[in-house]
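Here the structure is laid out as structure tokens; the discussion comes afterwards.
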Amino acid sequence: MFSWTNITDETQDVENIFPDEISILPLRGTVGLPFIIMPLVIVLERSVMLVEDAIANDEYIGLAVSKVPEVENPTPDQIYHTGVIAKIHRRLRSKDGSMQIIVQGLERFTVSEWTQTDPYFKAKIAITPDEIGDAETADVELEALTRRITELARQIVRFMPQVPDEAISYLEETEDPRALFYTISANMRMDFSDRLKLLTEPNLLEKMRFLLRIMTRELEILELSEKIQAEAKGELDQLQREYFLRQQMKAIRKELGEADETEVDVESYKKKFEEIGLPEEAKKEAIRELNRLQKLPPQAAEYGVIKTYLDWLTDLPWNKLTEDNLDIEHARDVLNADHYGLEKIKDRILEYLAVRKLRRERHITEDDLPEQDRAGGSILLFVGPPGVGKTSLGRSIARALNRKFTRMSLGGVRDEAEIRGHRRTYIGAMPGRIIQALKRAESRNPVFMLDEVDKIGNDWRGDPSSALLEVLDPQQNHAFRDHYLDVDFDLSEVMFIVTANTLETIPAPLRDRMEIIPLDGYTEFEKVEIAKGYLVPRQIKSNGLQPEEIIFTDEGLHKIVQDYTREAGVRTLEREIGKIARKVATKVATRAISTENPVTIEPETVREYLGKPRFHFEAAMRTAKAGVATGLAVTSVGGDVLFVEASRMAGGSERLTLTGQLGDVMKESAQIALSYVRAHCDELGIAPEKFSKHDIHLHVPAGAIPKDGPSAGVTMVTALVSLLTGRPVKAEVGMTGEISLQGQVLPIGGLKQKALAAHRAGLKTVIFPKRNDADVEDVPEDIRKEMTFIMAETIDDVLAHALTSSKPTTS
């Protein structure tokens, strides 16, 4: 900032003859400049002595800058050799013993030799006036630089109302470029190092260029500062203007007898509180927030936050309940109309209705029941492969009960706040998706489907599955507390239905809170019936066809199921039916066919619409050679058929190689299988030297798919015995079971899914552990009639039914 000083005429009249030796006064944190009058505070005793002697002898002094300002008594090496000769004009003494002097810089000098250090510094000096350079070109450049510096000074002063107009007049009238330069330099805001450079630089033109850069930057800063100040003032003026306008509107409304905007909102909320019948805790919180709202102006940021919160409180269905339709026959008709089979689930829903009906008829109130039974039963978990109708079943249940239906997909949810909501301290906070779904449903007792619970993730933002523990626990969910609402909301009337493809990824505490109902997939017969009753009519309608324009025969549907789908559900089947319907729709639209000549989908015409078959079961071809056995497995998409291939290499070292991306349990099963075969080689008719002279390689194809589990143990033993005896495995036989070192066949899980997979693959015989005999009842009756189920207690039972009767080879 400028602190303008008056330059005396003495500066311009002083002679250019100075003494060769002068006293040197070190300056700390400030720079003396020629032509400039400046005050100095003298504290050190040696410096006071220097000033006293200079005034007594009417001598000039030298002002030189200390390199280390923190050192009170610097050495000559710690002082810059370039300084300015100054004359002392005035001296003032203070009560504390210090001295103030007014000095005026006269000319630059350079120290040639230090002649005295005590009691104060003296040095021989050489006068070094500013250089200009070549006179022919320097004069023009000097004039240009002088004009530019004067113009910039005028613009800078414009931003400083405290600077008098006389300052600019003085600058414009100053003829000496050096006086102009040093005057502006002394009063310009700049760093200490920059001011020192202006003193030590010998060339005047370079000094002026450097000063121009400093002034240009200062001008840019001042202009930007003024712009920011103007914008801030404009915003403030706008806020004041809006405030006055609102006050005027308030006065106008008062004159017209109209209510204030805040008062209108407050009265509206109070009315809503009474209408919806808020619970005591929620009402208390709502009134507290309403009182805060009443004290705020509508333009306040907090006003909108509170208003949004109150809107959520008043929009929730605190007491809105739909009346259940407890007609059991009606529910059975609805479920049968929407879904084929699924008898266990249908029975469970009818049981729920029966319980609700009896409670009502016998006047058993909710207060008479334990908390876990107030919702009429436990949480249902539908587990099964994709496409078996888990989600659509939820809609049918809601229709059968005459309840609202809402759905929430949990796949990929990683943030706990998705379930519980965000706290209101966060900007843009909202309730969790549970509360949001209930608001959309407009009912406190909807059928609430939580889809894909097995695909919930977790990371640093929290574990959503842990947040679901409260939601899905009948003993806790009557007082569910969302972080945003921060009041209890009763979820006990909600009928939660959860779906998953697999149980393995669901945490045990969450799984324990639900009643698990498996949906294992459909048989070929069931798929055809579903296609006839549901899929074909739906695709005919969605593709704009009439039932008389396309006819699917049972044989044609069987052909589609066998050759073009390989799934537990019916999604792919519906897509294939839709593909045929679209091709027929194209013919109808182009008048290629008419209702008099409908298209009939038979086995012979399926390929015309769907192309070549996509699936071929090759068990006969693959098991034709010894060393290949057909196993059965369960995956997240239902049951499946897998092959175990065994091979041996001569000249080996009894090494077992396993491939096919097998898990640790499956690798252990392979080792157990090999150990059993080697231990019983005599009984199995296998020469011992076949192990000592050969390496064994076991491979499970589809190497890109990870595989694990113990149920392939009997399949691995069978493949090894087949390889080493030369007896191929029967093509129509599939097997499953865990093997022990004693040769016992241990029980496994998923027998129904495995039997369905074997039936889809065209197998005729399934060998399974005897301890799973009760699970055969779960297999659909039509499959039990078409297939042979053999129970095996030991591995000998498996080999007796799995291997062909050809004699062992001697190779």
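Just remember, in the structure tokens the first chain shown is A, the second B, etc., residues are 1-based per chain, and ligands are 1-based in the order shown.
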
* alpha helix (DSSP H) call set, DSSP backbone run, range 364-566 of chain A, as JSON, numbers by chain -> {"A": [390, 391, 392, 393, 394, 395, 396, 397, 398, 399, 400, 401, 417, 418, 419, 420, 433, 434, 435, 436, 437, 438, 439, 440, 441, 464, 465, 466, 467, 468, 469, 470, 471, 508, 509, 510, 511, 512, 524, 525, 526, 527, 528, 529, 530, 536, 537, 538, 539, 540, 541, 542, 554, 555, 556, 557, 558, 559, 560, 561, 562, 563, 564]}

* Asked: Could you name the residues that touch Thr804 in chain A at 8 Å or less, counting only C-alpha atoms, but leaving out those on the same chain fewer than 4 positions away, as number ranges by chain?
  -> A: 727-730

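The list of residues with at least one atom within 7 Å of range 758-771 of chain A, based on only C-alpha atoms and without residues fewer than 5 positions apart in the same chain, reads Glu524, Phe617, Val641, Glu732, Val733, Gly734, Met735, Thr736, Gly737, Val745, Leu746, Pro747, Met787, Thr788, Phe789, Ile790, Met791, Ala792, Glu793 and Val798 of chain A.
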
* To do: Within 12 Å of Arg440 in chain A, counting only C-alpha atoms, which residues show up once you throw out same-chain ones fewer than 2 positions away? Write them as a ChimeraX atom specification, please.
  => /A:312,315-317,404-408,433-438,442-444,446,448

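Residues within 9 Å of His483 in chain A, counting only C-alpha atoms and excluding same-chain residues fewer than 2 positions away, are Ala417, Arg420, Gly421, His422, Arg423, Arg424, Met430, Pro431, Gly432, Arg481, Leu485, Asp486 and Val487 of chain A.
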
File of the preceding selection, N, CA and C atoms, as an mmCIF file, in the first residue's frame:
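Output (result_19.cif):
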data_model
loop_
_atom_site.group_PDB
_atom_site.id
_atom_site.type_symbol
_atom_site.label_atom_id
_atom_site.label_comp_id
_atom_site.auth_asym_id
_atom_site.auth_seq_id
_atom_site.Cartn_x
_atom_site.Cartn_y
_atom_site.Cartn_z
ATOM 1 N N ALA A 417 -26.483 -47.568 4.819
ATOM 2 C CA ALA A 417 -27.459 -46.474 4.768
ATOM 3 C C ALA A 417 -28.568 -46.744 3.759
ATOM 4 N N ARG A 420 -30.910 -48.457 6.379
ATOM 5 C CA ARG A 420 -31.296 -47.660 7.549
ATOM 6 C C ARG A 420 -31.447 -46.177 7.262
ATOM 7 N N GLY A 421 -31.016 -45.705 6.099
ATOM 8 C CA GLY A 421 -31.106 -44.282 5.804
ATOM 9 C C GLY A 421 -29.895 -43.521 6.311
ATOM 10 N N HIS A 422 -29.829 -42.233 5.921
ATOM 11 C CA HIS A 422 -28.743 -41.352 6.342
ATOM 12 C C HIS A 422 -29.220 -40.452 7.485
ATOM 13 N N ARG A 423 -28.316 -40.133 8.359
ATOM 14 C CA ARG A 423 -28.663 -39.213 9.438
ATOM 15 C C ARG A 423 -28.892 -37.820 8.870
ATOM 16 N N ARG A 424 -29.763 -37.060 9.524
ATOM 17 C CA ARG A 424 -30.170 -35.757 8.986
ATOM 18 C C ARG A 424 -29.047 -34.727 9.022
ATOM 19 N N MET A 430 -31.648 -38.839 3.199
ATOM 20 C CA MET A 430 -32.949 -39.424 2.889
ATOM 21 C C MET A 430 -33.151 -40.676 3.741
ATOM 22 N N PRO A 431 -34.410 -41.097 3.913
ATOM 23 C CA PRO A 431 -34.641 -42.379 4.608
ATOM 24 C C PRO A 431 -34.086 -43.542 3.792
ATOM 25 N N GLY A 432 -33.951 -44.695 4.456
ATOM 26 C CA GLY A 432 -33.503 -45.892 3.757
ATOM 27 C C GLY A 432 -34.564 -46.424 2.811
ATOM 28 N N ARG A 481 -36.017 -48.481 13.605
ATOM 29 C CA ARG A 481 -35.644 -47.069 13.686
ATOM 30 C C ARG A 481 -34.737 -46.706 12.513
ATOM 31 N N LEU A 485 -35.444 -40.805 10.007
ATOM 32 C CA LEU A 485 -36.636 -40.483 10.795
ATOM 33 C C LEU A 485 -36.300 -40.359 12.274
ATOM 34 N N ASP A 486 -35.436 -41.253 12.757
ATOM 35 C CA ASP A 486 -35.027 -41.286 14.165
ATOM 36 C C ASP A 486 -36.218 -41.475 15.109
ATOM 37 N N VAL A 487 -37.262 -42.147 14.628
ATOM 38 C CA VAL A 487 -38.387 -42.556 15.475
ATOM 39 C C VAL A 487 -38.751 -43.992 15.087
#

* Asked: With only C-alpha atoms as the basis for distance, which of A:Thr150, A:Ser740, A:Thr635, A:Gln104 is at the shortest distance from Glu668 in chain A?
  -> A:Ser740

* To do: From range 80-242 of chain A, collect each residue whose DSSP state is strand (DSSP E or B) and return the set as JSON, numbers by chain.
  => {"A": [80, 81, 82, 83, 84, 85, 86, 87, 88, 89, 90, 91, 92, 93, 99, 100, 101, 102, 103, 104, 105, 106, 107, 108, 109, 110, 111, 112, 113, 114, 115, 116, 121, 122, 123, 124, 125, 126, 127, 131, 203]}

Just-selected residues, N, CA and C atoms written as a tab-separated table (two decimals), in the first residue's frame:
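Result went into out-v1.tsv, see below:
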chain	number	residue	atom	x	y	z
A	80	TYR	N	25.14	-6.83	3.48
A	80	TYR	CA	25.25	-6.60	2.03
A	80	TYR	C	26.19	-5.41	1.79
A	81	HIS	N	27.03	-5.49	0.78
A	81	HIS	CA	28.01	-4.45	0.50
A	81	HIS	C	27.40	-3.28	-0.24
A	82	THR	N	26.21	-3.44	-0.81
A	82	THR	CA	25.55	-2.33	-1.49
A	82	THR	C	24.57	-1.68	-0.52
A	83	GLY	N	24.64	-0.35	-0.41
A	83	GLY	CA	23.74	0.36	0.46
A	83	GLY	C	23.44	1.75	-0.08
A	84	VAL	N	22.98	2.63	0.80
A	84	VAL	CA	22.61	3.98	0.38
A	84	VAL	C	23.15	4.98	1.42
A	85	ILE	N	23.79	6.06	0.90
A	85	ILE	CA	24.25	7.14	1.77
A	85	ILE	C	23.04	7.94	2.21
A	86	ALA	N	22.98	8.28	3.51
A	86	ALA	CA	21.82	8.99	4.03
A	86	ALA	C	22.26	10.14	4.92
A	87	LYS	N	21.36	11.11	5.03
A	87	LYS	CA	21.58	12.26	5.91
A	87	LYS	C	20.51	12.23	6.99
A	88	ILE	N	20.96	12.47	8.25
A	88	ILE	CA	20.04	12.46	9.39
A	88	ILE	C	19.40	13.85	9.49
A	89	HIS	N	18.06	13.90	9.44
A	89	HIS	CA	17.33	15.17	9.50
A	89	HIS	C	16.83	15.48	10.90
A	90	ARG	N	16.45	14.46	11.66
A	90	ARG	CA	15.84	14.72	12.96
A	90	ARG	C	16.14	13.55	13.89
A	91	ARG	N	16.22	13.86	15.18
A	91	ARG	CA	16.47	12.85	16.21
A	91	ARG	C	15.50	13.06	17.36
A	92	LEU	N	14.88	11.96	17.82
A	92	LEU	CA	13.95	12.00	18.96
A	92	LEU	C	14.34	10.89	19.93
A	93	ARG	N	14.38	11.24	21.25
A	93	ARG	CA	14.71	10.24	22.26
A	93	ARG	C	13.43	9.79	22.98
A	99	MET	N	16.05	5.50	20.47
A	99	MET	CA	16.13	6.74	19.71
A	99	MET	C	15.42	6.56	18.38
A	100	GLN	N	14.68	7.59	17.95
A	100	GLN	CA	14.05	7.59	16.63
A	100	GLN	C	14.69	8.69	15.80
A	101	ILE	N	15.03	8.34	14.57
A	101	ILE	CA	15.64	9.33	13.68
A	101	ILE	C	14.90	9.32	12.35
A	102	ILE	N	14.95	10.49	11.68
A	102	ILE	CA	14.40	10.62	10.32
A	102	ILE	C	15.59	10.80	9.41
A	103	VAL	N	15.75	9.88	8.43
A	103	VAL	CA	16.88	9.94	7.50
A	103	VAL	C	16.36	10.04	6.09
A	104	GLN	N	17.22	10.54	5.19
A	104	GLN	CA	16.88	10.63	3.77
A	104	GLN	C	18.00	10.00	2.96
A	105	GLY	N	17.62	9.01	2.12
A	105	GLY	CA	18.59	8.39	1.25
A	105	GLY	C	19.03	9.34	0.16
A	106	LEU	N	20.36	9.29	-0.17
A	106	LEU	CA	20.89	10.22	-1.16
A	106	LEU	C	21.42	9.51	-2.40
A	107	GLU	N	22.29	8.51	-2.22
A	107	GLU	CA	22.88	7.85	-3.38
A	107	GLU	C	23.36	6.45	-3.00
A	108	ARG	N	23.41	5.58	-4.01
A	108	ARG	CA	23.90	4.22	-3.81
A	108	ARG	C	25.40	4.23	-3.62
A	109	PHE	N	25.91	3.27	-2.81
A	109	PHE	CA	27.34	3.08	-2.66
A	109	PHE	C	27.62	1.59	-2.55
A	110	THR	N	28.92	1.26	-2.70
A	110	THR	CA	29.39	-0.11	-2.53
A	110	THR	C	30.58	-0.09	-1.58
A	111	VAL	N	30.60	-0.95	-0.60
A	111	VAL	CA	31.70	-1.04	0.36
A	111	VAL	C	32.94	-1.58	-0.35
A	112	SER	N	34.04	-0.83	-0.21
A	112	SER	CA	35.31	-1.28	-0.78
A	112	SER	C	36.15	-2.01	0.26
A	113	GLU	N	36.13	-1.46	1.50
A	113	GLU	CA	36.95	-2.06	2.55
A	113	GLU	C	36.37	-1.67	3.90
A	114	TRP	N	36.29	-2.66	4.79
A	114	TRP	CA	35.85	-2.39	6.16
A	114	TRP	C	37.05	-1.91	6.96
A	115	THR	N	36.91	-0.73	7.57
A	115	THR	CA	38.04	-0.13	8.29
A	115	THR	C	37.86	-0.16	9.79
A	116	GLN	N	36.64	-0.37	10.28
A	116	GLN	CA	36.42	-0.35	11.73
A	116	GLN	C	35.19	-1.20	12.05
A	121	PHE	N	30.57	0.14	12.92
A	121	PHE	CA	31.22	-0.15	11.65
A	121	PHE	C	31.58	1.16	10.93
A	122	LYS	N	32.78	1.13	10.28
A	122	LYS	CA	33.15	2.14	9.31
A	122	LYS	C	33.74	1.43	8.11
A	123	ALA	N	33.58	2.04	6.93
A	123	ALA	CA	34.09	1.38	5.72
A	123	ALA	C	34.42	2.43	4.68
A	124	LYS	N	35.39	2.07	3.85
A	124	LYS	CA	35.65	2.87	2.66
A	124	LYS	C	34.65	2.48	1.60
A	125	ILE	N	34.10	3.48	0.88
A	125	ILE	CA	33.02	3.21	-0.07
A	125	ILE	C	33.35	3.80	-1.42
A	126	ALA	N	32.65	3.28	-2.42
A	126	ALA	CA	32.68	3.83	-3.78
A	126	ALA	C	31.26	4.18	-4.18
A	127	ILE	N	31.02	5.40	-4.66
A	127	ILE	CA	29.70	5.82	-5.09
A	127	ILE	C	29.36	5.11	-6.39
A	131	GLU	N	23.17	2.81	-13.43
A	131	GLU	CA	23.63	2.85	-14.82
A	131	GLU	C	22.43	2.87	-15.76
A	203	ASN	N	21.62	-1.60	-12.96
A	203	ASN	CA	21.07	-1.01	-14.17
A	203	ASN	C	19.66	-0.48	-13.90

* To do: Have a look at A:Thr725, A:Glu493, A:Val264, A:Glu504 and name the one nearest to Arg356 in chain A; count only C-alpha atoms.
  => A:Glu493
